[in-house]
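Okay, work_15.csv is below, CSV, C-alpha atoms:
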```
chain,number,residue,atom,x,y,z
N,5,MET,CA,-6.5,0.5,13.4
N,6,LEU,CA,-4.1,2.5,11.3
N,7,PRO,CA,-2.2,5.4,13.0
N,8,ALA,CA,-3.3,9.0,12.6
N,9,PRO,CA,-2.1,10.7,9.4
N,10,ASP,CA,0.2,12.9,11.6
N,11,ALA,CA,2.0,9.9,13.1
N,12,GLY,CA,5.1,11.1,11.3
N,13,LEU,CA,8.1,9.4,9.7
N,14,ASN,CA,8.7,7.3,12.8
N,15,THR,CA,5.8,5.0,11.9
N,16,MET,CA,6.5,2.2,9.4
N,17,PHE,CA,4.0,0.3,7.2
N,18,ILE,CA,4.7,-3.2,6.0
N,19,GLY,CA,2.0,-4.8,3.8
N,20,VAL,CA,1.4,-7.4,1.2
N,21,SER,CA,-1.2,-8.0,-1.5
N,22,THR,CA,-1.9,-11.5,-2.9
N,23,LYS,CA,-3.5,-10.1,-6.1
N,24,MET,CA,-5.1,-13.2,-7.7
N,25,TYR,CA,-2.2,-15.6,-7.2
N,26,MET,CA,-3.9,-17.8,-4.6
N,27,GLY,CA,-7.1,-19.8,-4.4
N,28,TYR,CA,-9.5,-19.6,-1.5
N,29,ALA,CA,-8.0,-22.4,0.6
N,30,GLN,CA,-4.5,-21.5,-0.2
N,31,SER,CA,-5.1,-17.9,0.8
N,32,LEU,CA,-6.4,-18.9,4.2
N,33,ALA,CA,-3.5,-21.3,4.9
N,34,TRP,CA,-1.0,-18.6,3.8
N,35,LEU,CA,-2.7,-16.1,6.0
N,36,GLU,CA,-2.5,-18.4,9.0
N,37,HIS,CA,1.3,-18.5,8.5
N,38,LEU,CA,1.4,-14.7,8.1
N,39,VAL,CA,-0.5,-14.3,11.4
N,40,ALA,CA,2.0,-16.6,13.1
N,41,GLU,CA,4.9,-14.4,11.8
N,42,VAL,CA,3.1,-11.3,13.3
N,43,ASP,CA,2.3,-13.1,16.6
N,44,ALA,CA,6.0,-14.1,16.9
N,45,ARG,CA,6.9,-10.4,17.1
N,46,PRO,CA,5.4,-8.9,20.3
N,47,ALA,CA,7.2,-5.7,19.6
N,48,LEU,CA,4.6,-4.9,17.0
N,49,ALA,CA,2.1,-4.2,19.8
N,50,ALA,CA,4.0,-0.9,20.4
N,51,GLY,CA,2.5,0.5,17.2
N,52,ARG,CA,5.7,1.7,15.6
N,53,VAL,CA,5.3,-0.8,12.8
N,54,PHE,CA,1.9,-1.4,11.2
N,55,PRO,CA,1.6,-4.7,9.2
N,56,PHE,CA,-1.3,-5.0,6.8
N,57,VAL,CA,-2.5,-7.7,4.4
N,58,ILE,CA,-4.7,-7.4,1.3
N,59,PRO,CA,-6.2,-10.7,0.1
N,60,SER,CA,-8.8,-11.3,-2.6
N,61,PHE,CA,-12.4,-10.2,-2.0
N,62,PRO,CA,-13.9,-13.6,-1.3
N,63,VAL,CA,-11.4,-14.2,1.5
N,64,LEU,CA,-12.2,-11.0,3.4
N,65,PRO,CA,-14.9,-12.3,5.9
N,66,GLU,CA,-12.8,-15.3,7.1
N,67,ALA,CA,-9.6,-13.2,6.9
N,68,ALA,CA,-11.2,-10.7,9.3
N,69,GLN,CA,-11.6,-13.5,11.9
N,70,LEU,CA,-8.1,-14.7,11.4
N,71,VAL,CA,-6.5,-11.3,12.0
N,72,SER,CA,-8.8,-10.3,14.8
N,73,GLY,CA,-6.9,-9.6,18.0
N,74,THR,CA,-3.6,-9.2,16.1
N,75,PRO,CA,-1.8,-6.1,14.9
N,76,LEU,CA,-2.5,-7.0,11.3
N,77,VAL,CA,-4.7,-4.5,9.5
N,78,LEU,CA,-7.0,-6.0,6.8
N,79,GLY,CA,-7.1,-4.4,3.4
N,80,ALA,CA,-9.0,-4.8,0.2
N,81,GLN,CA,-7.7,-4.7,-3.3
N,82,ASN,CA,-10.2,-2.2,-4.8
N,83,CYS,CA,-13.6,-0.6,-4.1
N,84,SER,CA,-16.4,1.1,-5.9
N,85,TRP,CA,-17.0,4.8,-6.0
N,86,ALA,CA,-20.4,4.6,-4.3
N,87,ASP,CA,-23.2,2.4,-3.1
N,88,GLY,CA,-26.0,1.7,-5.5
N,89,PRO,CA,-26.7,0.0,-8.8
N,90,TRP,CA,-23.2,-1.0,-9.8
N,91,THR,CA,-23.3,-4.6,-10.6
N,92,GLY,CA,-20.2,-6.5,-9.7
N,93,GLU,CA,-18.6,-3.8,-7.6
N,94,VAL,CA,-17.9,-3.7,-3.9
N,95,SER,CA,-18.8,-0.6,-1.9
N,96,PRO,CA,-16.4,1.0,0.7
N,97,GLY,CA,-19.3,0.8,3.2
N,98,MET,CA,-19.5,-3.0,2.9
N,99,LEU,CA,-15.8,-3.3,3.2
N,100,ALA,CA,-15.9,-1.3,6.4
N,101,GLU,CA,-18.6,-3.6,7.8
N,102,LEU,CA,-16.3,-6.6,7.1
N,103,GLY,CA,-13.5,-5.1,9.2
N,104,VAL,CA,-11.4,-3.7,6.4
N,105,GLY,CA,-9.2,-0.8,7.4
N,106,LEU,CA,-7.6,0.3,4.2
N,107,VAL,CA,-8.3,-0.1,0.5
N,108,GLU,CA,-5.9,-0.2,-2.4
N,109,ILE,CA,-6.9,2.4,-5.1
N,110,GLY,CA,-5.3,3.3,-8.4
N,111,HIS,CA,-3.0,0.3,-8.9
N,112,ALA,CA,-1.1,0.5,-12.2
N,113,GLU,CA,-2.8,-2.7,-13.4
N,114,ARG,CA,-6.2,-1.2,-12.8
N,115,ARG,CA,-5.2,2.0,-14.5
N,116,ARG,CA,-3.9,0.2,-17.5
N,117,TYR,CA,-6.1,-2.9,-18.0
N,118,PHE,CA,-9.4,-1.6,-16.4
N,119,ALA,CA,-9.2,2.0,-17.8
N,120,GLU,CA,-9.4,3.6,-14.4
N,121,ASP,CA,-8.6,7.3,-15.1
N,122,GLU,CA,-7.8,10.1,-12.6
N,123,ALA,CA,-11.5,11.1,-12.3
N,124,MET,CA,-12.6,7.6,-11.3
N,125,ILE,CA,-9.7,7.2,-8.9
N,126,ALA,CA,-10.6,10.5,-7.2
N,127,LEU,CA,-14.2,9.3,-6.8
N,128,LYS,CA,-13.0,6.1,-5.2
N,129,VAL,CA,-10.6,7.9,-2.8
N,130,GLY,CA,-13.5,10.2,-1.7
N,131,ALA,CA,-15.8,7.3,-1.2
N,132,ALA,CA,-13.2,5.4,0.8
N,133,VAL,CA,-12.5,8.3,3.1
N,134,ASP,CA,-16.2,8.9,3.6
N,135,ALA,CA,-16.6,5.3,4.7
N,136,GLY,CA,-13.8,5.6,7.2
N,137,LEU,CA,-11.3,3.6,5.2
N,138,THR,CA,-7.7,4.6,4.6
N,139,PRO,CA,-7.0,4.8,0.8
N,140,LEU,CA,-3.7,3.1,-0.1
N,141,LEU,CA,-3.1,5.2,-3.2
N,142,CYS,CA,-0.9,3.6,-5.8
N,143,VAL,CA,1.2,6.0,-7.9
N,144,GLY,CA,4.2,5.8,-10.1
N,145,GLU,CA,5.9,6.8,-13.3
N,146,LEU,CA,5.7,4.6,-16.4
N,147,GLU,CA,9.4,4.7,-17.3
N,148,VAL,CA,12.8,5.3,-15.6
N,149,SER,CA,13.4,9.0,-15.5
N,150,GLU,CA,15.2,11.7,-13.4
N,151,ALA,CA,14.1,11.6,-9.8
N,152,ALA,CA,12.7,15.1,-10.0
N,153,THR,CA,10.6,14.2,-13.0
N,154,ALA,CA,9.3,11.0,-11.4
N,155,ALA,CA,8.4,12.9,-8.3
N,156,ASP,CA,6.5,15.5,-10.3
N,157,THR,CA,4.6,12.8,-12.0
N,158,VAL,CA,3.7,11.2,-8.7
N,159,PHE,CA,2.8,14.5,-7.1
N,160,ARG,CA,0.4,15.3,-9.9
N,161,GLN,CA,-1.2,11.8,-9.5
N,162,ILE,CA,-1.8,12.5,-5.8
N,163,LYS,CA,-3.2,15.9,-6.5
N,164,ALA,CA,-5.6,14.5,-9.1
N,165,ALA,CA,-6.7,11.6,-6.7
N,166,VAL,CA,-7.8,14.1,-4.1
N,167,SER,CA,-9.2,16.6,-6.7
N,168,GLY,CA,-6.8,19.2,-5.3
N,169,ASP,CA,-8.2,19.0,-1.8
N,170,TRP,CA,-5.2,18.5,0.4
N,171,SER,CA,-7.3,17.9,3.5
N,172,VAL,CA,-8.4,14.6,1.8
N,173,ALA,CA,-4.7,13.8,1.0
N,174,SER,CA,-4.0,13.9,4.7
N,175,HIS,CA,-6.0,10.6,5.0
N,176,LEU,CA,-3.8,8.7,2.5
N,177,VAL,CA,-1.0,6.2,2.6
N,178,VAL,CA,0.9,6.6,-0.6
N,179,ALA,CA,2.3,3.5,-2.3
N,180,TYR,CA,5.0,4.6,-4.6
N,181,GLU,CA,5.3,1.9,-7.3
N,182,PRO,CA,7.2,2.7,-10.4
N,183,VAL,CA,5.3,0.9,-13.1
N,184,TRP,CA,8.5,-0.3,-14.8
N,185,ALA,CA,9.5,-2.0,-11.5
N,186,ILE,CA,6.3,-4.0,-10.9
N,187,GLY,CA,7.0,-7.6,-11.6
N,188,ALA,CA,10.7,-6.9,-12.5
N,189,PRO,CA,13.4,-9.3,-11.3
N,190,GLU,CA,14.8,-6.5,-9.0
N,191,PRO,CA,13.2,-3.4,-7.4
N,192,ALA,CA,14.2,0.1,-8.3
N,193,SER,CA,17.5,1.0,-6.8
N,194,ALA,CA,17.5,2.3,-3.3
N,195,THR,CA,19.2,5.6,-4.4
N,196,TYR,CA,16.5,6.2,-7.0
N,197,VAL,CA,13.6,5.5,-4.6
N,198,SER,CA,15.1,7.6,-1.9
N,199,ARG,CA,15.7,10.6,-4.3
N,200,VAL,CA,12.2,10.4,-5.7
N,201,THR,CA,10.7,10.2,-2.2
N,202,ALA,CA,12.7,13.2,-1.0
N,203,ALA,CA,11.6,15.3,-3.9
N,204,LEU,CA,8.0,14.2,-3.4
N,205,ARG,CA,8.2,15.1,0.2
N,206,ASP,CA,9.4,18.6,-0.7
N,207,SER,CA,6.4,19.1,-2.9
N,208,LEU,CA,3.9,17.7,-0.4
N,209,GLY,CA,5.6,19.8,2.3
N,210,GLN,CA,4.3,22.9,0.6
N,211,HIS,CA,0.8,21.7,1.6
N,212,GLY,CA,1.8,20.7,5.1
N,213,LEU,CA,2.1,17.0,4.2
N,214,GLY,CA,5.8,16.4,4.2
N,215,GLY,CA,5.3,13.6,6.7
N,216,LEU,CA,2.7,11.7,4.7
N,217,PRO,CA,3.3,8.0,4.8
N,218,ILE,CA,5.1,7.0,1.5
N,219,ILE,CA,5.8,3.3,1.1
N,220,TYR,CA,7.7,1.6,-1.8
N,221,GLY,CA,6.3,-1.2,-3.9
N,222,GLY,CA,7.6,-2.8,-7.1
N,223,SER,CA,9.4,-6.1,-6.6
N,224,ALA,CA,10.2,-5.1,-3.0
N,225,LYS,CA,11.8,-7.8,-0.9
N,226,PRO,CA,13.9,-8.4,2.2
N,227,GLY,CA,17.1,-6.4,2.4
N,228,LEU,CA,15.7,-3.3,0.6
N,229,LEU,CA,14.2,-1.3,3.4
N,230,PRO,CA,17.4,-0.6,5.4
N,231,GLN,CA,18.9,0.9,2.3
N,232,LEU,CA,16.0,3.4,1.8
N,233,ASP,CA,16.0,7.0,3.1
N,234,GLY,CA,12.8,8.8,4.0
N,235,VAL,CA,10.5,5.9,3.0
N,236,SER,CA,7.8,4.8,5.4
N,237,GLY,CA,7.8,1.1,4.6
N,238,LEU,CA,7.3,-1.5,1.9
N,239,PHE,CA,4.4,-2.9,-0.1
N,240,LEU,CA,5.3,-6.4,-0.9
N,241,GLY,CA,4.0,-8.8,-3.5
N,242,ARG,CA,5.2,-12.2,-4.6
N,243,PHE,CA,8.3,-12.2,-2.4
N,244,ALA,CA,5.9,-12.3,0.6
N,245,HIS,CA,4.1,-15.4,-0.7
N,246,ASP,CA,6.7,-17.0,1.6
N,247,PRO,CA,5.5,-15.7,5.0
N,248,THR,CA,9.0,-15.9,6.4
N,249,ASN,CA,10.0,-13.1,4.0
N,250,PHE,CA,7.2,-11.0,5.5
N,251,GLY,CA,8.6,-11.7,8.9
N,252,ARG,CA,12.1,-10.7,7.8
N,253,VAL,CA,10.9,-7.4,6.5
N,254,LEU,CA,9.0,-6.8,9.8
N,255,ASP,CA,12.2,-7.4,11.6
N,256,GLU,CA,13.9,-4.8,9.4
N,257,ALA,CA,11.1,-2.3,10.0
N,258,LEU,CA,11.2,-2.9,13.8
N,259,ALA,CA,14.9,-2.3,13.9
N,260,LEU,CA,14.6,0.9,11.9
N,261,ALA,CA,11.6,2.2,13.9
N,262,GLY,CA,13.6,1.6,17.1
N,263,ARG,CA,16.5,3.8,15.8
N,264,ARG,CA,14.3,6.7,14.4
```
Any chance you could give the structure as structure tokens?
Amino acid sequence: MLPAPDAGLNTMFIGVSTKMYMGYAQSLAWLEHLVAEVDARPALAAGRVFPFVIPSFPVLPEAAQLVSGTPLVLGAQNCSWADGPWTGEVSPGMLAELGVGLVEIGHAERRRYFAEDEAMIALKVGAAVDAGLTPLLCVGELEVSEAATAADTVFRQIKAAVSGDWSVASHLVVAYEPVWAIGAPEPASATYVSRVTAALRDSLGQHGLGGLPIIYGGSAKPGLLPQLDGVSGLFLGRFAHDPTNFGRVLDEALALAGRR
């Protein structure tokens, strides 16, 4: 289970999505190695660092069995906005039945290539919350800008995703992913990410949500987390296709959580 929304800045979230880079058998073999990395770190049982993994839809049933009994929280890469006659979609209710704990919503690729607008994202966030899932809301500016400008863009995305209902926002984990950094050779600079996060927390604090979990994604990799200030963890991509890198980031998170 994910921690309560008021767990505060002491809780760290470390996760990885495979997108569509792996086939079925490869995904399961990789996941077995990921579970081994988690099991090798008994300190995760204290609940100060929450690891999560988001494989492709077809992998979810067997993945749920593989992560059962471990600290790993299972996530899904997307969901529908409702049950019903939506051919090809997957409902939040079915995801919950499969043992999914969180669902990625509003990723930049879905916004750009699948025409997901703010209205659709808001419907999905509401449906996920109603099903008992934690929305992992992906937000981020398109181009490099001043930190205050980027934070304002992200804040408006969050507000739109919850239709201005800040009680819904309290259920989110925010994945701050500058669009220009996704797939780039290097992540956004630690200074930039820290400044955007600080400005965003100021805005969220006006609604009692200054401690909302905000994790960074966008070419994130080992060595970045200790440089960040006010960030609640990392959302990893291709760098965690090597499970040992996931383990390295878990070690960084555990060390930080122990000092906070």
>> Distance cut-off 12 Å, centre (-0.1, 14.0, -5.6) in file coordinates, counting all atoms listed in the file: which residues qualify? Return them as a count of residues only.
In response: 45
> In Å, with one decimal, what is the gap from atom CA of Leu254 of chain N to atom CA of Leu99 of chain N?
Replying inline: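 Separating atom CA of Leu254 of chain N from atom CA of Leu99 of chain N is a distance of 25.9 Å.
Here atom CA of Val148 of chain N is placed at a distance of 7.1 Å from atom CA of Trp184 of chain N.
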Find the residues around Gly187 of chain N up to 12 Å (all atoms listed in the file counted), leave out those fewer than 5 positions away in its own chain, and share them as a PDB file with C-alpha atoms, keeping the file's coordinate frame.
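To be explicit, this is the file written out as out-v7.pdb:
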```pdb
ATOM      1  CA  ALA N 112      -1.100   0.500 -12.200  1.00  0.00           C
ATOM      2  CA  GLU N 113      -2.800  -2.700 -13.400  1.00  0.00           C
ATOM      3  CA  GLU N 181       5.300   1.900  -7.300  1.00  0.00           C
ATOM      4  CA  PRO N 182       7.200   2.700 -10.400  1.00  0.00           C
ATOM      5  CA  ALA N 192      14.200   0.100  -8.300  1.00  0.00           C
ATOM      6  CA  GLY N 221       6.300  -1.200  -3.900  1.00  0.00           C
ATOM      7  CA  GLY N 222       7.600  -2.800  -7.100  1.00  0.00           C
ATOM      8  CA  SER N 223       9.400  -6.100  -6.600  1.00  0.00           C
ATOM      9  CA  ALA N 224      10.200  -5.100  -3.000  1.00  0.00           C
ATOM     10  CA  LYS N 225      11.800  -7.800  -0.900  1.00  0.00           C
ATOM     11  CA  LEU N 240       5.300  -6.400  -0.900  1.00  0.00           C
ATOM     12  CA  GLY N 241       4.000  -8.800  -3.500  1.00  0.00           C
ATOM     13  CA  ARG N 242       5.200 -12.200  -4.600  1.00  0.00           C
ATOM     14  CA  PHE N 243       8.300 -12.200  -2.400  1.00  0.00           C
TER      15      PHE N 243
END
```
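Between atom CA of Ile58 of chain N and atom CA of Leu106 of chain N the separation is 8.7 Å.
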> With all atoms listed in the file as the basis for distance, which of N:Ala135, N:Val57, N:Leu38, N:Ala123 is at the shortest distance from Phe239 of chain N?
Replying inline: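 Answer, going by the shortest atom-to-atom distance: N:Val57.
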Set out as a tab-separated table a contact list for segment 43-75 of chain N and segment 10-29 of chain N with a cut-off of 12 Å, giving each residue of segment 43-75 of chain N that qualifies its closest atom pair and distance in Å to one decimal, counting only C-alpha atoms, ordered by chain and rising residue number.
```
residue	atom	partner	partner_atom	distance
N:Leu48	CA	N:Met16	CA	10.6
N:Ala50	CA	N:Thr15	CA	10.5
N:Gly51	CA	N:Thr15	CA	7.7
N:Arg52	CA	N:Thr15	CA	5.0
N:Val53	CA	N:Met16	CA	4.7
N:Phe54	CA	N:Phe17	CA	4.8
N:Pro55	CA	N:Ile18	CA	4.7
N:Phe56	CA	N:Gly19	CA	4.5
N:Val57	CA	N:Val20	CA	5.1
N:Ile58	CA	N:Ser21	CA	4.5
N:Pro59	CA	N:Thr22	CA	5.3
N:Ser60	CA	N:Lys23	CA	6.5
N:Phe61	CA	N:Met24	CA	9.7
N:Pro62	CA	N:Tyr28	CA	7.4
N:Val63	CA	N:Tyr28	CA	6.5
N:Leu64	CA	N:Tyr28	CA	10.3
N:Pro65	CA	N:Tyr28	CA	11.7
N:Glu66	CA	N:Tyr28	CA	10.2
N:Ala67	CA	N:Tyr28	CA	10.6
N:Pro75	CA	N:Ile18	CA	11.4
```
Given the selection you just returned, output its residues as a file containing C-alpha atoms, formatted as a compact mmCIF listing (two decimals), in the frame of the given file.
```txt
# COMPACT_ATOMS: atom_id res chain seq x y z
CA LEU N 48 4.60 -4.90 17.00
CA ALA N 50 4.00 -0.90 20.40
CA GLY N 51 2.50 0.50 17.20
CA ARG N 52 5.70 1.70 15.60
CA VAL N 53 5.30 -0.80 12.80
CA PHE N 54 1.90 -1.40 11.20
CA PRO N 55 1.60 -4.70 9.20
CA PHE N 56 -1.30 -5.00 6.80
CA VAL N 57 -2.50 -7.70 4.40
CA ILE N 58 -4.70 -7.40 1.30
CA PRO N 59 -6.20 -10.70 0.10
CA SER N 60 -8.80 -11.30 -2.60
CA PHE N 61 -12.40 -10.20 -2.00
CA PRO N 62 -13.90 -13.60 -1.30
CA VAL N 63 -11.40 -14.20 1.50
CA LEU N 64 -12.20 -11.00 3.40
CA PRO N 65 -14.90 -12.30 5.90
CA GLU N 66 -12.80 -15.30 7.10
CA ALA N 67 -9.60 -13.20 6.90
CA PRO N 75 -1.80 -6.10 14.90
```
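Minimum distance to Ala40 of chain N across N:Val94, N:Val71, N:Leu228, N:Ala80 (counting all atoms listed in the file) occurs at N:Val71.
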> Of the candidates N:Pro217, N:Gly88, N:Pro247, N:Pro230, which shows the shortest atom-to-atom distance to Pro139 of chain N, using all atoms listed in the file?
Replying inline: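 Nearest to Pro139 of chain N: N:Pro217.
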Rows by chain and residue number, segment 125-167 of chain N within 10 Å of segment 101-104 of chain N, shortest pair, all atoms listed in the file, as JSON lines:
```
{"residue": "N:Ala135", "atom": "CA", "partner": "N:Glu101", "partner_atom": "CA", "distance": 9.6}
{"residue": "N:Gly136", "atom": "CA", "partner": "N:Val104", "partner_atom": "CA", "distance": 9.6}
{"residue": "N:Leu137", "atom": "CA", "partner": "N:Val104", "partner_atom": "CA", "distance": 7.4}
{"residue": "N:Thr138", "atom": "CA", "partner": "N:Val104", "partner_atom": "CA", "distance": 9.3}
```
Keeping C-alpha atoms, export the residues of the selection given above as a PDB file, in the frame of the given file.
```
ATOM      1  CA  ALA N 135     -16.600   5.300   4.700  1.00  0.00           C
ATOM      2  CA  GLY N 136     -13.800   5.600   7.200  1.00  0.00           C
ATOM      3  CA  LEU N 137     -11.300   3.600   5.200  1.00  0.00           C
ATOM      4  CA  THR N 138      -7.700   4.600   4.600  1.00  0.00           C
TER       5      THR N 138
END
```
>> When you count all atoms listed in the file, which of these residues is closest to Ala257 of chain N: N:Ala152, N:Asp134, N:Gly234, N:Leu229?
In response: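 Checking each of N:Ala152, N:Asp134, N:Gly234, N:Leu229 against Ala257 of chain N, counting all atoms listed in the file, the winner is N:Leu229.
If only C-alpha atoms are the atoms counted, then among N:Val107, N:Leu146, N:Ala44, N:Ala132 the closest residue to Ala86 of chain N is N:Ala132.
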